[in-house]
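Source file: protein_25.txt. Holds: compact mmCIF, C-alpha atoms.
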# COMPACT_ATOMS: atom_id res chain seq x y z
CA THR A 1 27.92 -15.69 -5.65
CA SER A 2 25.81 -13.76 -8.12
CA THR A 3 27.11 -10.52 -9.61
CA PRO A 4 25.01 -7.46 -8.66
CA VAL A 5 22.94 -6.14 -11.55
CA PRO A 6 23.68 -2.48 -12.30
CA PRO A 7 20.64 -0.22 -12.15
CA THR A 8 18.78 0.33 -15.42
CA PRO A 9 15.80 2.56 -16.23
CA THR A 10 13.44 -0.31 -15.29
CA ASN A 11 15.16 -1.68 -12.19
CA SER A 12 16.44 1.48 -10.52
CA PRO A 13 14.93 2.58 -7.20
CA LEU A 14 12.22 5.18 -7.55
CA PRO A 15 13.17 8.80 -7.01
CA PRO A 16 11.94 10.40 -3.80
CA LYS A 17 8.20 10.93 -3.77
CA ALA A 18 7.11 14.33 -5.01
CA THR A 19 6.20 16.94 -2.43
CA SER A 20 2.46 17.44 -1.98
CA VAL A 21 0.91 20.46 -3.61
CA PRO A 22 -0.29 22.92 -0.92
CA GLY A 23 -4.06 22.79 -0.58
CA ARG A 24 -4.38 19.48 -2.41
CA THR A 25 -6.42 17.18 -0.20
CA THR A 26 -7.26 14.27 -2.49
CA LEU A 27 -7.21 10.83 -0.87
CA TYR A 28 -6.94 7.70 -3.01
CA LEU A 29 -8.78 4.53 -1.96
CA ALA A 30 -9.19 0.90 -3.02
CA LEU A 31 -12.13 -0.97 -1.48
CA GLY A 32 -12.43 -4.64 -0.61
CA SER A 33 -15.70 -5.26 -2.42
CA SER A 34 -17.83 -3.77 -5.18
CA GLN A 35 -20.03 -0.81 -4.29
CA VAL A 36 -21.64 2.29 -5.74
CA VAL A 37 -20.06 5.24 -3.94
CA ASP A 38 -21.37 8.75 -4.61
CA GLY A 39 -22.80 7.49 -7.90
CA VAL A 40 -19.52 5.83 -8.94
CA SER A 41 -19.56 2.06 -9.44
CA VAL A 42 -16.30 0.71 -8.03
CA ALA A 43 -14.87 -2.82 -7.88
CA ASN A 44 -11.94 -4.22 -5.92
CA GLU A 45 -9.50 -3.73 -8.82
CA ASP A 46 -10.22 0.03 -8.98
CA ILE A 47 -8.85 3.13 -7.24
CA LEU A 48 -11.12 6.01 -6.23
CA ALA A 49 -10.13 9.63 -5.69
CA PHE A 50 -11.86 11.46 -2.82
CA ASP A 51 -11.46 15.23 -2.47
CA GLY A 52 -13.28 15.46 0.85
CA THR A 53 -16.63 15.91 -0.87
CA ASP A 54 -16.87 13.83 -4.05
CA PHE A 55 -15.62 10.43 -5.18
CA THR A 56 -14.37 9.95 -8.75
CA MET A 57 -12.77 7.05 -10.60
CA TYR A 58 -8.98 7.40 -10.66
CA PHE A 59 -7.90 3.96 -11.96
CA ASP A 60 -10.35 1.59 -13.65
CA GLY A 61 -8.81 -1.87 -13.51
CA SER A 62 -11.32 -3.43 -15.87
CA ASP A 63 -10.10 -1.08 -18.63
CA VAL A 64 -6.64 -2.69 -18.51
CA GLY A 65 -7.71 -6.32 -18.25
CA ILE A 66 -7.51 -6.96 -14.52
CA GLY A 67 -11.21 -7.22 -13.72
CA SER A 68 -10.62 -10.72 -12.30
CA LEU A 69 -8.03 -9.45 -9.81
CA ALA A 70 -8.25 -7.54 -6.52
CA LEU A 71 -5.81 -4.90 -5.34
CA SER A 72 -4.16 -5.60 -2.00
CA ALA A 73 -1.90 -2.52 -1.99
CA PHE A 74 -0.90 0.46 -4.11
CA ALA A 75 1.21 3.60 -3.98
CA ILE A 76 0.90 6.50 -6.40
CA VAL A 77 4.36 7.64 -7.48
CA ASP A 78 3.42 10.49 -9.82
CA ASP A 79 0.79 11.45 -12.38
CA ASP A 80 1.47 8.43 -14.59
CA GLU A 81 3.05 5.75 -12.37
CA ILE A 82 1.29 3.58 -9.78
CA LEU A 83 2.87 0.71 -7.84
CA MET A 84 0.46 -2.17 -7.15
CA SER A 85 0.25 -5.58 -5.54
CA PHE A 86 -2.64 -8.05 -5.84
CA THR A 87 -4.34 -10.55 -3.53
CA SER A 88 -3.48 -13.51 -5.77
CA SER A 89 -0.90 -14.54 -8.34
CA THR A 90 -1.69 -13.70 -11.95
CA SER A 91 -0.53 -13.98 -15.54
CA ALA A 92 -3.08 -11.42 -16.73
CA LEU A 93 -0.72 -8.43 -16.87
CA GLY A 94 1.19 -9.40 -20.01
CA ILE A 95 4.51 -9.74 -18.16
CA GLY A 96 4.51 -13.41 -17.14
CA LEU A 97 3.54 -14.82 -13.77
CA VAL A 98 3.30 -12.24 -10.99
CA ASP A 99 3.04 -13.45 -7.39
CA ASP A 100 1.09 -11.79 -4.59
CA SER A 101 4.43 -11.03 -2.90
CA ASP A 102 5.50 -9.01 -5.96
CA ILE A 103 4.94 -5.36 -6.87
CA VAL A 104 4.21 -4.19 -10.40
CA LYS A 105 4.39 -0.68 -11.81
CA PHE A 106 1.55 0.61 -13.97
CA ASN A 107 2.72 3.13 -16.55
CA ALA A 108 -0.39 5.10 -17.42
CA THR A 109 -1.12 6.79 -20.71
CA SER A 110 -4.53 7.84 -19.37
CA LEU A 111 -6.37 7.50 -16.07
CA GLY A 112 -9.92 7.94 -14.84
CA SER A 113 -12.94 6.45 -16.57
CA SER A 114 -10.81 5.56 -19.61
CA THR A 115 -7.71 4.04 -18.01
CA ALA A 116 -4.95 2.83 -20.34
CA GLY A 117 -1.30 1.87 -20.00
CA SER A 118 1.02 -1.06 -19.41
CA PHE A 119 2.50 -3.04 -16.53
CA GLU A 120 6.08 -4.00 -15.67
CA LEU A 121 7.52 -6.06 -12.83
CA TYR A 122 8.94 -3.64 -10.27
CA PHE A 123 9.75 -5.78 -7.20
CA ASP A 124 10.24 -9.57 -7.13
CA GLY A 125 9.47 -10.63 -3.57
CA SER A 126 10.95 -14.11 -3.95
CA ASP A 127 14.37 -12.57 -4.68
CA VAL A 128 14.47 -10.99 -1.21
CA GLY A 129 12.98 -13.67 1.02
CA LEU A 130 9.22 -13.29 0.55
CA SER A 131 8.34 -16.89 -0.24
CA SER A 132 5.55 -18.09 2.06
CA SER A 133 1.82 -17.42 1.77
CA SER A 134 1.97 -15.30 4.94
CA GLU A 135 4.41 -12.94 3.22
CA ASP A 136 1.98 -11.69 0.58
CA ILE A 137 2.12 -7.88 0.42
CA ASP A 138 -1.02 -6.20 1.75
CA ALA A 139 0.20 -2.64 2.42
CA LEU A 140 2.61 -0.49 0.44
CA GLU A 141 4.08 3.01 0.54
CA VAL A 142 7.00 4.82 -1.09
CA LEU A 143 8.92 6.75 1.56
CA PRO A 144 10.25 10.27 0.88
CA ASN A 145 13.75 8.79 0.37
CA GLY A 146 12.45 6.39 -2.29
CA ASN A 147 12.59 3.27 -0.10
CA LEU A 148 9.61 0.91 0.02
CA LEU A 149 7.44 0.35 3.08
CA VAL A 150 5.34 -2.83 3.22
CA SER A 151 3.22 -4.92 5.52
CA THR A 152 2.38 -8.56 4.89
CA LEU A 153 -0.64 -10.80 5.24
CA GLY A 154 0.91 -12.71 8.14
CA LYS A 155 4.33 -13.34 9.65
CA LEU A 156 7.38 -12.13 7.74
CA SER A 157 10.82 -13.70 8.04
CA ALA A 158 13.27 -12.18 5.60
CA PRO A 159 17.02 -11.51 5.76
CA GLY A 160 17.48 -8.67 8.24
CA ALA A 161 13.91 -8.45 9.54
CA SER A 162 11.09 -10.48 10.97
CA GLY A 163 7.72 -9.61 12.41
CA ARG A 164 3.98 -9.96 12.18
CA ASP A 165 1.04 -8.58 10.22
CA GLU A 166 0.63 -5.56 12.52
CA ASP A 167 4.18 -4.43 11.65
CA LEU A 168 5.72 -2.40 8.82
CA PHE A 169 9.01 -3.23 7.10
CA GLU A 170 11.33 -0.93 5.16
CA PHE A 171 13.10 -2.20 2.05
CA VAL A 172 16.17 -0.33 0.79
CA PRO A 173 16.65 -1.44 -2.83
CA THR A 174 19.95 -1.75 -4.64
CA SER A 175 18.27 -3.18 -7.74
CA LEU A 176 14.68 -3.82 -8.74
CA GLY A 177 12.72 -5.57 -11.46
CA GLN A 178 13.60 -9.11 -12.54
CA THR A 179 16.61 -9.11 -10.22
CA THR A 180 15.49 -7.47 -6.99
CA ALA A 181 18.07 -6.96 -4.23
CA GLY A 182 18.39 -4.82 -1.13
CA ALA A 183 18.08 -4.80 2.65
CA TRP A 184 15.13 -5.21 5.02
CA SER A 185 14.59 -3.62 8.43
CA LEU A 186 11.71 -3.30 10.89
CA TYR A 187 10.16 0.16 10.50
CA PHE A 188 7.15 -0.01 12.84
CA ASP A 189 6.31 -2.55 15.56
CA GLY A 190 2.54 -2.52 15.97
CA SER A 191 2.57 -4.57 19.16
CA ASP A 192 4.56 -1.80 20.88
CA ILE A 193 1.59 0.54 20.54
CA SER A 194 -1.22 -1.94 21.30
CA LEU A 195 -2.01 -3.20 17.80
CA SER A 196 -2.03 -6.85 18.82
CA ARG A 197 -5.45 -8.39 18.15
CA GLY A 198 -6.11 -10.33 14.96
CA SER A 199 -8.54 -7.68 13.73
CA GLU A 200 -5.84 -5.01 14.15
CA ASP A 201 -3.58 -6.34 11.42
CA ILE A 202 -2.44 -3.47 9.18
CA ASP A 203 -3.72 -3.70 5.61
CA SER A 204 -2.97 -0.19 4.32
CA VAL A 205 -0.44 2.53 5.07
CA ALA A 206 0.68 5.97 3.97
CA VAL A 207 3.30 8.28 5.45
CA GLY A 208 2.63 12.00 5.60
CA ALA A 209 5.04 14.83 4.85
CA THR A 210 5.79 15.30 8.57
CA GLY A 211 6.37 11.59 9.21
CA ASP A 212 2.93 10.77 10.61
CA ILE A 213 1.92 7.19 9.77
CA TYR A 214 -1.62 6.74 8.45
CA LEU A 215 -3.09 3.26 8.85
CA SER A 216 -6.14 1.12 8.23
CA ALA A 217 -6.77 -2.31 9.77
CA ILE A 218 -8.50 -5.46 8.55
CA GLY A 219 -11.20 -5.16 11.23
CA ASN A 220 -12.10 -3.40 14.45
CA PHE A 221 -9.25 -1.68 16.29
CA SER A 222 -8.94 -0.02 19.68
CA VAL A 223 -5.86 1.93 20.72
CA SER A 224 -5.17 4.65 23.26
CA GLY A 225 -7.92 7.26 22.89
CA LEU A 226 -9.23 5.94 19.59
CA SER A 227 -11.23 3.09 18.07
CA GLY A 228 -12.64 2.29 14.66
CA ARG A 229 -13.38 -0.25 11.97
CA ASP A 230 -11.97 -1.52 8.69
CA GLU A 231 -13.51 1.34 6.69
CA ASP A 232 -11.60 3.95 8.74
CA ILE A 233 -8.15 5.54 8.52
CA PHE A 234 -6.29 6.62 11.66
CA ALA A 235 -3.02 8.49 12.21
CA PHE A 236 -0.05 7.68 14.45
CA ASN A 237 2.46 10.38 15.43
CA PRO A 238 5.74 8.51 16.07
CA ALA A 239 8.25 9.57 18.69
CA SER A 240 10.42 6.59 17.73
CA THR A 241 10.15 3.80 15.18
CA GLY A 242 11.81 0.44 14.59
CA SER A 243 12.04 -2.22 17.29
CA SER A 244 11.02 0.30 19.98
CA THR A 245 8.08 2.06 18.36
CA SER A 246 6.42 4.75 20.47
CA GLY A 247 4.21 7.78 20.00
CA ASN A 248 0.56 8.72 20.14
CA PHE A 249 -2.56 8.35 18.01
CA SER A 250 -4.40 11.38 16.66
CA SER A 251 -8.07 11.86 17.48
CA PRO A 252 -10.52 11.97 15.78
CA LEU A 253 -10.18 9.47 12.94
CA PHE A 254 -8.44 10.80 9.83
CA LEU A 255 -11.25 9.28 7.75
CA ASP A 256 -14.51 7.95 9.17
CA GLY A 257 -15.70 5.65 6.42
CA SER A 258 -19.22 5.40 7.81
CA ALA A 259 -19.63 9.16 7.37
CA GLU A 260 -18.60 8.87 3.72
CA GLY A 261 -20.91 6.02 2.72
CA ILE A 262 -18.51 3.07 2.88
CA ALA A 263 -19.51 1.63 6.27
CA SER A 264 -20.19 -1.81 4.78
CA ASN A 265 -16.83 -2.00 3.02
CA ASP A 266 -13.13 -2.37 3.87
CA ILE A 267 -10.41 0.07 2.86
CA LYS A 268 -7.95 -2.37 1.29
CA ALA A 269 -5.43 0.30 0.34
CA PHE A 270 -5.07 4.08 0.27
CA ASP A 271 -2.57 6.78 -0.51
CA LEU A 272 -2.19 10.45 0.35
CA PRO A 273 -1.31 13.19 -2.15
Would you mind writing the file out in structure tokens?
Amino acid sequence: TSTPVPPTPTNSPLPPKATSVPGRTTLYLALGSSQVVDGVSVANEDILAFDGTDFTMYFDGSDVGIGSLALSAFAIVDDDEILMSFTSSTSALGIGLVDDSDIVKFNATSLGSSTAGSFELYFDGSDVGLSSSSEDIDALEVLPNGNLLVSTLGKLSAPGASGRDEDLFEFVPTSLGQTTAGAWSLYFDGSDISLSRGSEDIDSVAVGATGDIYLSAIGNFSVSGLSGRDEDIFAFNPASTGSSTSGNFSSPLFLDGSAEGIASNDIKAFDLP
């Protein structure tokens, strides 16, 4: 039996996410393919900021040597920390081999069109049962209590939880970094609320201050009173979560990508302020 590793500054769970600033409406987006949006040239390793009118570059991946990678998920922790996962394994971050079931933390010294900083391993998926290709992380959020919320590329079977790619799983960490440990549970069962087709797999998530769950799917989706495509974001108002998920979807769409010039693209990841 291994001895638990005491928390350290690099493996301790994140503090609860900061409360949003009233009136701040910026949405952060990563797209599936390269595009010029509102005059900004963006690739799939970048993060855009959208204030409801204009797009600007928030994180330029090519500035920090990851131009050959593609983001699959991210969550902004604060003004200089971003959690990220990628669509493929990589040794390009300067921290050894990182798998697509892992999460890294980017510690920024500057952001925007001149992005700079360093990476560290934040979450080792293989330590907590994420070992198959279907368990690659493709959606990520930090909950208000500091726990992690993820969805995976396909089926997940980890100690304490199992499900499919339309589901969300909560991870309660006891240690992070090179020795990741903690407990899994099912947070959101997509099949309970009619997310069951292959094109309705969840590939991005954020949780609002009131508990609403904001989602994007890998393709076309159709739920009660609402339909959309992979460039859209939609909101679910939960009455219950876990193995008996229930609630209702908000109409209209939270973000209609076609109205913002990204109709030909896919929202691979997003975060709310």
Residue nearest Asp102 of chain A among A:Tyr58, A:Phe50, A:Asp167, A:Thr179 (counting all atoms listed in the file): A:Thr179
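Nearest residue to Ser191 of chain A among A:Gly61, A:Gly228, A:Pro144, A:Gly242 is A:Gly242, counting all atoms listed in the file.
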Segment 37-49 of chain A environment, 8 Å, only C-alpha atoms, sequence neighbours closer than 6 positions dropped, as a PyMOL selection string: chain A and resi 26-31+55-62+66-71+261-262
For Phe123 of chain A: contacts at 9 Å, all atoms listed in the file, fewer than 4 positions along chain excluded, given as a ChimeraX atom specification: /A:11,101-105,127,175-181
Pairwise distance for atom CA of Ile202 of chain A and atom CA of Thr90 of chain A, rounded to one decimal in Å: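 About the pair atom CA of Ile202 of chain A and atom CA of Thr90 of chain A: they are 23.5 Å apart.
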File output for segment 19-165 of chain A (C-alpha atoms) as a PDB file, in the first residue's frame:
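Final output, saved to decode.pdb:
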ATOM      1  CA  THR A  19     -16.322  34.869  -8.011  1.00  0.00           C
ATOM      2  CA  SER A  20     -17.159  36.561 -11.315  1.00  0.00           C
ATOM      3  CA  VAL A  21     -16.854  40.312 -11.472  1.00  0.00           C
ATOM      4  CA  PRO A  22     -20.330  41.887 -11.873  1.00  0.00           C
ATOM      5  CA  GLY A  23     -20.837  43.082 -15.434  1.00  0.00           C
ATOM      6  CA  ARG A  24     -17.950  41.055 -16.819  1.00  0.00           C
ATOM      7  CA  THR A  25     -19.299  39.071 -19.759  1.00  0.00           C
ATOM      8  CA  THR A  26     -16.164  37.743 -21.432  1.00  0.00           C
ATOM      9  CA  LEU A  27     -16.405  34.209 -22.819  1.00  0.00           C
ATOM     10  CA  TYR A  28     -13.249  32.219 -23.563  1.00  0.00           C
ATOM     11  CA  LEU A  29     -13.185  29.834 -26.544  1.00  0.00           C
ATOM     12  CA  ALA A  30     -10.908  27.288 -28.205  1.00  0.00           C
ATOM     13  CA  LEU A  31     -11.840  26.251 -31.750  1.00  0.00           C
ATOM     14  CA  GLY A  32     -11.324  22.929 -33.482  1.00  0.00           C
ATOM     15  CA  SER A  33      -9.629  24.301 -36.579  1.00  0.00           C
ATOM     16  CA  SER A  34      -7.747  27.378 -37.755  1.00  0.00           C
ATOM     17  CA  GLN A  35      -9.803  30.411 -38.748  1.00  0.00           C
ATOM     18  CA  VAL A  36      -9.691  34.188 -38.933  1.00  0.00           C
ATOM     19  CA  VAL A  37     -12.341  35.450 -36.515  1.00  0.00           C
ATOM     20  CA  ASP A  38     -13.082  39.177 -36.354  1.00  0.00           C
ATOM     21  CA  GLY A  39      -9.661  39.833 -37.867  1.00  0.00           C
ATOM     22  CA  VAL A  40      -7.878  37.554 -35.382  1.00  0.00           C
ATOM     23  CA  SER A  41      -6.038  34.542 -36.799  1.00  0.00           C
ATOM     24  CA  VAL A  42      -6.639  31.645 -34.409  1.00  0.00           C
ATOM     25  CA  ALA A  43      -5.397  28.039 -34.438  1.00  0.00           C
ATOM     26  CA  ASN A  44      -6.516  25.026 -32.420  1.00  0.00           C
ATOM     27  CA  GLU A  45      -3.847  25.564 -29.743  1.00  0.00           C
ATOM     28  CA  ASP A  46      -5.120  29.092 -28.981  1.00  0.00           C
ATOM     29  CA  ILE A  47      -7.778  30.576 -26.695  1.00  0.00           C
ATOM     30  CA  LEU A  48      -9.916  33.530 -27.788  1.00  0.00           C
ATOM     31  CA  ALA A  49     -11.676  36.040 -25.554  1.00  0.00           C
ATOM     32  CA  PHE A  50     -15.123  37.218 -26.702  1.00  0.00           C
ATOM     33  CA  ASP A  51     -16.796  40.145 -24.948  1.00  0.00           C
ATOM     34  CA  GLY A  52     -20.084  39.833 -26.816  1.00  0.00           C
ATOM     35  CA  THR A  53     -18.865  42.117 -29.597  1.00  0.00           C
ATOM     36  CA  ASP A  54     -15.172  41.585 -30.333  1.00  0.00           C
ATOM     37  CA  PHE A  55     -12.794  38.625 -30.371  1.00  0.00           C
ATOM     38  CA  THR A  56      -9.230  39.037 -29.092  1.00  0.00           C
ATOM     39  CA  MET A  57      -6.341  36.628 -28.556  1.00  0.00           C
ATOM     40  CA  TYR A  58      -6.174  35.497 -24.921  1.00  0.00           C
ATOM     41  CA  PHE A  59      -3.638  32.636 -25.107  1.00  0.00           C
ATOM     42  CA  ASP A  60      -1.361  32.156 -28.126  1.00  0.00           C
ATOM     43  CA  GLY A  61      -0.126  28.576 -28.012  1.00  0.00           C
ATOM     44  CA  SER A  62       2.478  29.060 -30.717  1.00  0.00           C
ATOM     45  CA  ASP A  63       4.256  31.595 -28.477  1.00  0.00           C
ATOM     46  CA  VAL A  64       4.954  28.860 -25.907  1.00  0.00           C
ATOM     47  CA  GLY A  65       5.976  26.081 -28.277  1.00  0.00           C
ATOM     48  CA  ILE A  66       2.751  24.118 -28.652  1.00  0.00           C
ATOM     49  CA  GLY A  67       1.871  25.011 -32.233  1.00  0.00           C
ATOM     50  CA  SER A  68       1.872  21.302 -33.118  1.00  0.00           C
ATOM     51  CA  LEU A  69      -0.745  20.492 -30.456  1.00  0.00           C
ATOM     52  CA  ALA A  70      -4.504  21.009 -30.218  1.00  0.00           C
ATOM     53  CA  LEU A  71      -6.413  21.905 -27.076  1.00  0.00           C
ATOM     54  CA  SER A  72      -9.146  19.476 -26.095  1.00  0.00           C
ATOM     55  CA  ALA A  73     -10.132  21.226 -22.851  1.00  0.00           C
ATOM     56  CA  PHE A  74      -9.195  24.152 -20.630  1.00  0.00           C
ATOM     57  CA  ALA A  75     -10.330  25.975 -17.509  1.00  0.00           C
ATOM     58  CA  ILE A  76      -9.160  29.440 -16.497  1.00  0.00           C
ATOM     59  CA  VAL A  77      -8.346  29.486 -12.785  1.00  0.00           C
ATOM     60  CA  ASP A  78      -7.280  33.109 -12.386  1.00  0.00           C
ATOM     61  CA  ASP A  79      -5.423  35.854 -14.237  1.00  0.00           C
ATOM     62  CA  ASP A  80      -2.219  33.827 -14.565  1.00  0.00           C
ATOM     63  CA  GLU A  81      -3.202  30.141 -14.302  1.00  0.00           C
ATOM     64  CA  ILE A  82      -4.927  28.024 -16.955  1.00  0.00           C
ATOM     65  CA  LEU A  83      -5.576  24.280 -16.743  1.00  0.00           C
ATOM     66  CA  MET A  84      -5.325  22.491 -20.108  1.00  0.00           C
ATOM     67  CA  SER A  85      -5.581  19.088 -21.726  1.00  0.00           C
ATOM     68  CA  PHE A  86      -4.589  18.193 -25.292  1.00  0.00           C
ATOM     69  CA  THR A  87      -5.931  15.881 -28.003  1.00  0.00           C
ATOM     70  CA  SER A  88      -2.709  13.846 -28.136  1.00  0.00           C
ATOM     71  CA  SER A  89       0.220  12.915 -25.922  1.00  0.00           C
ATOM     72  CA  THR A  90       3.215  15.236 -26.039  1.00  0.00           C
ATOM     73  CA  SER A  91       6.719  15.854 -24.771  1.00  0.00           C
ATOM     74  CA  ALA A  92       6.729  19.438 -26.058  1.00  0.00           C
ATOM     75  CA  LEU A  93       5.916  21.132 -22.741  1.00  0.00           C
ATOM     76  CA  GLY A  94       9.307  20.717 -21.083  1.00  0.00           C
ATOM     77  CA  ILE A  95       7.929  18.489 -18.300  1.00  0.00           C
ATOM     78  CA  GLY A  96       8.326  15.003 -19.771  1.00  0.00           C
ATOM     79  CA  LEU A  97       5.647  12.950 -21.483  1.00  0.00           C
ATOM     80  CA  VAL A  98       2.106  14.232 -20.958  1.00  0.00           C
ATOM     81  CA  ASP A  99      -0.808  12.002 -21.962  1.00  0.00           C
ATOM     82  CA  ASP A 100      -4.142  13.141 -23.365  1.00  0.00           C
ATOM     83  CA  SER A 101      -5.772  11.907 -20.145  1.00  0.00           C
ATOM     84  CA  ASP A 102      -3.602  14.325 -18.138  1.00  0.00           C
ATOM     85  CA  ILE A 103      -4.131  17.975 -17.200  1.00  0.00           C
ATOM     86  CA  VAL A 104      -1.328  20.528 -17.141  1.00  0.00           C
ATOM     87  CA  LYS A 105      -1.283  23.952 -15.536  1.00  0.00           C
ATOM     88  CA  PHE A 106       0.068  26.913 -17.490  1.00  0.00           C
ATOM     89  CA  ASN A 107       1.616  29.544 -15.238  1.00  0.00           C
ATOM     90  CA  ALA A 108       1.499  32.725 -17.295  1.00  0.00           C
ATOM     91  CA  THR A 109       3.892  35.632 -17.055  1.00  0.00           C
ATOM     92  CA  SER A 110       2.041  37.334 -19.914  1.00  0.00           C
ATOM     93  CA  LEU A 111      -1.019  36.551 -22.020  1.00  0.00           C
ATOM     94  CA  GLY A 112      -2.553  37.833 -25.230  1.00  0.00           C
ATOM     95  CA  SER A 113      -0.597  38.340 -28.438  1.00  0.00           C
ATOM     96  CA  SER A 114       2.691  37.870 -26.544  1.00  0.00           C
ATOM     97  CA  THR A 115       1.960  34.817 -24.399  1.00  0.00           C
ATOM     98  CA  ALA A 116       4.751  33.578 -22.114  1.00  0.00           C
ATOM     99  CA  GLY A 117       5.015  31.254 -19.134  1.00  0.00           C
ATOM    100  CA  SER A 118       5.688  27.660 -18.142  1.00  0.00           C
ATOM    101  CA  PHE A 119       3.835  24.369 -17.764  1.00  0.00           C
ATOM    102  CA  GLU A 120       3.624  21.879 -14.904  1.00  0.00           C
ATOM    103  CA  LEU A 121       1.826  18.552 -14.582  1.00  0.00           C
ATOM    104  CA  TYR A 122      -1.335  19.146 -12.576  1.00  0.00           C
ATOM    105  CA  PHE A 123      -3.356  15.902 -12.898  1.00  0.00           C
ATOM    106  CA  ASP A 124      -2.000  12.467 -13.876  1.00  0.00           C
ATOM    107  CA  GLY A 125      -4.970  10.571 -15.285  1.00  0.00           C
ATOM    108  CA  SER A 126      -3.249   7.185 -15.201  1.00  0.00           C
ATOM    109  CA  ASP A 127      -2.919   7.460 -11.402  1.00  0.00           C
ATOM    110  CA  VAL A 128      -6.702   7.512 -11.006  1.00  0.00           C
ATOM    111  CA  GLY A 129      -7.896   4.992 -13.578  1.00  0.00           C
ATOM    112  CA  LEU A 130      -7.838   6.918 -16.865  1.00  0.00           C
ATOM    113  CA  SER A 131      -5.849   4.473 -18.968  1.00  0.00           C
ATOM    114  CA  SER A 132      -7.727   3.673 -22.186  1.00  0.00           C
ATOM    115  CA  SER A 133      -7.946   5.773 -25.350  1.00  0.00           C
ATOM    116  CA  SER A 134     -11.654   6.372 -24.682  1.00  0.00           C
ATOM    117  CA  GLU A 135     -10.757   8.075 -21.393  1.00  0.00           C
ATOM    118  CA  ASP A 136      -8.923  11.016 -22.941  1.00  0.00           C
ATOM    119  CA  ILE A 137     -10.153  14.263 -21.368  1.00  0.00           C
ATOM    120  CA  ASP A 138     -12.206  16.411 -23.747  1.00  0.00           C
ATOM    121  CA  ALA A 139     -14.054  18.732 -21.336  1.00  0.00           C
ATOM    122  CA  LEU A 140     -12.846  20.369 -18.135  1.00  0.00           C
ATOM    123  CA  GLU A 141     -14.124  22.745 -15.465  1.00  0.00           C
ATOM    124  CA  VAL A 142     -13.081  23.762 -11.958  1.00  0.00           C
ATOM    125  CA  LEU A 143     -16.122  23.717  -9.684  1.00  0.00           C
ATOM    126  CA  PRO A 144     -16.688  26.453  -7.071  1.00  0.00           C
ATOM    127  CA  ASN A 145     -15.454  24.044  -4.357  1.00  0.00           C
ATOM    128  CA  GLY A 146     -12.183  23.461  -6.235  1.00  0.00           C
ATOM    129  CA  ASN A 147     -13.072  19.958  -7.467  1.00  0.00           C
ATOM    130  CA  LEU A 148     -12.517  19.045 -11.114  1.00  0.00           C
ATOM    131  CA  LEU A 149     -15.292  18.281 -13.582  1.00  0.00           C
ATOM    132  CA  VAL A 150     -14.395  16.331 -16.727  1.00  0.00           C
ATOM    133  CA  SER A 151     -15.906  14.520 -19.662  1.00  0.00           C
ATOM    134  CA  THR A 152     -14.041  11.974 -21.757  1.00  0.00           C
ATOM    135  CA  LEU A 153     -13.747  11.092 -25.419  1.00  0.00           C
ATOM    136  CA  GLY A 154     -15.638   7.820 -24.948  1.00  0.00           C
ATOM    137  CA  LYS A 155     -16.582   5.438 -22.159  1.00  0.00           C
ATOM    138  CA  LEU A 156     -15.061   5.995 -18.730  1.00  0.00           C
ATOM    139  CA  SER A 157     -14.544   3.253 -16.176  1.00  0.00           C
ATOM    140  CA  ALA A 158     -12.669   4.495 -13.133  1.00  0.00           C
ATOM    141  CA  PRO A 159     -12.821   3.579  -9.439  1.00  0.00           C
ATOM    142  CA  GLY A 160     -16.132   4.921  -8.156  1.00  0.00           C
ATOM    143  CA  ALA A 161     -17.653   5.999 -11.466  1.00  0.00           C
ATOM    144  CA  SER A 162     -18.425   4.821 -14.957  1.00  0.00           C
ATOM    145  CA  GLY A 163     -20.296   6.332 -17.857  1.00  0.00           C
ATOM    146  CA  ARG A 164     -20.190   7.536 -21.425  1.00  0.00           C
ATOM    147  CA  ASP A 165     -19.070  10.536 -23.445  1.00  0.00           C
TER     148      ASP A 165
END
